[in-house]
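Notes to accompany the following structure.
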Amino acid sequence: MIEFESVSFTYEAVKRSRRKGRSGSAEMPPADWGRSPDDRWALADLSFRLEDGELFGIAGHTGSGKSTLIQLANGLLQPTYGTVYANGHNLADKKAANEARRDVGVVFQYPERQLFAATVYEDVAFGPRNLGLSAEEVDARVREGLAMVHLDVDALGSRNPFALSGGQQRRVAFAGVLAMRPTTLILDEPVAGLDPKAKRSFLDLVVELHREQWLTVAIVSHNMDDLAQLCDRILVLNNGHMHALGTPDEVFADEAGMRAIGLGVPQAVSLANNLAKRGVTLAQPDGLPTLDSLADAIALRYRQAEAE
């Protein structure tokens with residue numbers, strides 16, 4: 001479980017702290033740092049919990065605070081105000097932050113750009129080796145990580161990762177994170193730049209890992225359709241503030257509010273709302289409509305009209 005408790009963060013405080021450090025002063029920063037009206041809050045008074053076993057969505061336009069949130073969630077950054085907990089431990093504690101970095105696997109956007117080793121095997125082995133594990137355990141972790149992303153270590157382990165397809169490269173980078181055996185995954189725009197087939201395949205893989213490995217997963221995305229289909233709950237950020245938090249049904253019920261912050265709603269929800277404005281109400285199953293369910297409802301309405 002990851003919990004944000006009244007968390008605010010400004011990079012201005014970090015910049016000022018570094019300037020203080022260069023001056024040789026050991027003074028603590030003033031208590032009002034980050035409170036200046038000229039300071040830009042990356043996050044402001046944010047409180048929420050990512051529960052164990054949850055598939056959680058994080059949405060927001062560019063500059064809304066999503067990347068800052070990710071770095072706070074595994075201790076890479078510390079809040080200017082407030083507290084971040086992982087499994088009940090305050091990440092202000094250095095030991096707790098180090099443990100969180102092992103337990104919370106972060107896959108940043110375009111992770112294949114971080115590949116560097118001469119072979120797939122060596123790239124996936126990098127993290128486990130840094131844990132000081134035996135050669136046998138490192139080998140087991142590499143095979144396990146690659147198997148979890150449906151890649152064959154015997155077929156690909158000795159190959160140069162840069163000779164693989166874009167989708168395979170992303171899976172290799174993902175395997176390197178999984179080889180650390182995290183219990184929580186945070187994925188930053190995990191399908192950015194992939195073609196439709198590779199995108200669908202990668203999202204199916206994420207759902208499979210969530211269900212079969214019981215991994216807690218948080219997905220950061222601009223794609224409202226993906227979040228609506230995948231997530232149990234969605235957190236929406238706007239200029240560092242919480243705009244909404246709830247189930248997809250709850251979050252996307254406010255189409256006007258979502259459009260006002262530049263995000264919108266899933267295509268099927270928008271279409272259903274536009275039809276309703278024109279007096280066309282379609283019988284729908286519980287939950288958000290999908291394009292398939294809308295097509296079925298329109299076909300049923302047409303057949304009923306013909307029968308009359």
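Naming works like this for the structure tokens: A, B, ... for the chains as they're shown, residue 1 at the start of each chain, ligands 1 onward in shown order.
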(request) May I have the residues within 10 Å of range 239-256 of chain A as JSON, numbers by chain, using only C-alpha atoms and disregarding those fewer than 6 positions away in the same chain? (result) {"A": [8, 9, 10, 40, 41, 42, 43, 44, 45, 46, 47, 48, 56, 57, 58, 59, 60, 61, 62, 63, 64, 65, 66, 68, 69, 224, 225, 227, 228, 229, 230, 231, 232, 233, 262, 263, 264, 265, 266, 269, 270, 273, 286, 287, 288, 289]}
Which polymer residues have any atom within 6 Å of an atom of Thr290 in chain A, counting only C-alpha atoms, with same-chain residues fewer than 2 positions away left out, as a tab-separated table (two decimals) with C-alpha atoms, in the first residue's frame?
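Here's the written file part33.tsv:
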```tsv
chain	number	residue	atom	x	y	z
A	268	ALA	CA	-18.15	5.50	-26.04
A	292	ASP	CA	-19.46	-2.65	-28.74
A	293	SER	CA	-22.27	-2.24	-26.22
```
Can you build me a table of range 110-149 of chain A residues sitting at most 12 Å from range 182-190 of chain A, with the closest atom pair per residue and its distance in Å to one decimal, using only C-alpha atoms, sorted by chain and residue number, as CSV?
```
residue,atom,partner,partner_atom,distance
A:Tyr110,CA,A:Pro190,CA,7.4
A:Pro111,CA,A:Pro190,CA,8.5
A:Glu112,CA,A:Pro190,CA,10.8
A:Gly127,CA,A:Pro182,CA,11.7
A:Pro128,CA,A:Pro182,CA,11.6
A:Arg141,CA,A:Pro182,CA,11.8
A:Gly145,CA,A:Pro182,CA,11.0
```
(request) Please measure the separation of CA of Gln213 in chain A and CA of Leu76 in chain A, giving the value in Å to one decimal. (result)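 Atom-to-atom, CA of Gln213 in chain A and CA of Leu76 in chain A are spaced 25.4 Å apart.
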(request) Tell me which of A:Glu137, A:Glu54, A:Asp103, A:Glu12 sits closest to Thr80 in chain A, counting only C-alpha atoms. (result) A:Glu12
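Taking CA of Phe4 in chain A and CA of Arg49 in chain A as endpoints, the distance between them is 6.4 Å.
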(request) Enumerate, as a PyMOL selection string, the complete set of residues in range 202-289 of chain A that a backbone-based DSSP assignment places in strand (DSSP E or B). (result) chain A and resi 216-220+233-238+241-246
(request) Between A:Gln114, A:Gln109, A:Asn130, A:Gln78, single out the one closest to Ala179 in chain A, counting only C-alpha atoms. (result)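 Of all the options, A:Asn130 lies closest to Ala179 in chain A.
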(message) Excluding range 149-160 of chain A and its own-chain neighbours fewer than 6 positions away, which residues fall within 6 Å of it when counting only C-alpha atoms? Please give them as a count of residues only.
(response) 5
Selection near Pro79 in chain A, 9 Å with only C-alpha atoms, sequence-local residues under 2 positions removed, as a tab-separated table (two decimals) with N, CA and C atoms, in the first residue's frame:
```tsv
chain	number	residue	atom	x	y	z
A	7	VAL	N	0.27	15.79	0.70
A	7	VAL	CA	1.59	15.97	0.08
A	7	VAL	C	1.58	17.17	-0.87
A	8	SER	N	2.56	18.05	-0.67
A	8	SER	CA	2.82	19.15	-1.58
A	8	SER	C	4.30	19.12	-1.96
A	9	PHE	N	4.58	19.52	-3.19
A	9	PHE	CA	5.98	19.50	-3.64
A	9	PHE	C	6.21	20.63	-4.62
A	10	THR	N	7.33	21.35	-4.40
A	10	THR	CA	7.77	22.36	-5.35
A	10	THR	C	9.24	22.16	-5.64
A	72	LEU	N	7.85	10.55	-6.15
A	72	LEU	CA	7.57	10.57	-4.71
A	72	LEU	C	7.15	9.20	-4.21
A	77	LEU	N	12.03	11.29	-4.79
A	77	LEU	CA	11.87	12.67	-4.30
A	77	LEU	C	11.24	12.63	-2.92
A	81	TYR	N	6.10	19.32	1.72
A	81	TYR	CA	5.23	19.21	2.90
A	81	TYR	C	4.46	17.91	2.78
A	82	GLY	N	4.03	17.37	3.91
A	82	GLY	CA	3.26	16.14	3.91
A	82	GLY	C	4.14	14.90	3.97
A	83	THR	N	3.51	13.73	3.84
A	83	THR	CA	4.21	12.46	4.04
A	83	THR	C	3.77	11.44	3.00
A	84	VAL	N	4.73	10.66	2.53
A	84	VAL	CA	4.44	9.52	1.66
A	84	VAL	C	4.83	8.25	2.41
A	92	ALA	N	10.45	9.32	4.16
A	92	ALA	CA	11.47	10.27	4.58
A	92	ALA	C	12.64	9.56	5.23
```
(request) Rank nothing, just name the residue among A:Glu99, A:Leu164, A:Ser67, A:Ile298 nearest to Ala272 in chain A, using only C-alpha atoms. (result)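 For Ala272 in chain A, the nearest of the given residues is A:Ile298.
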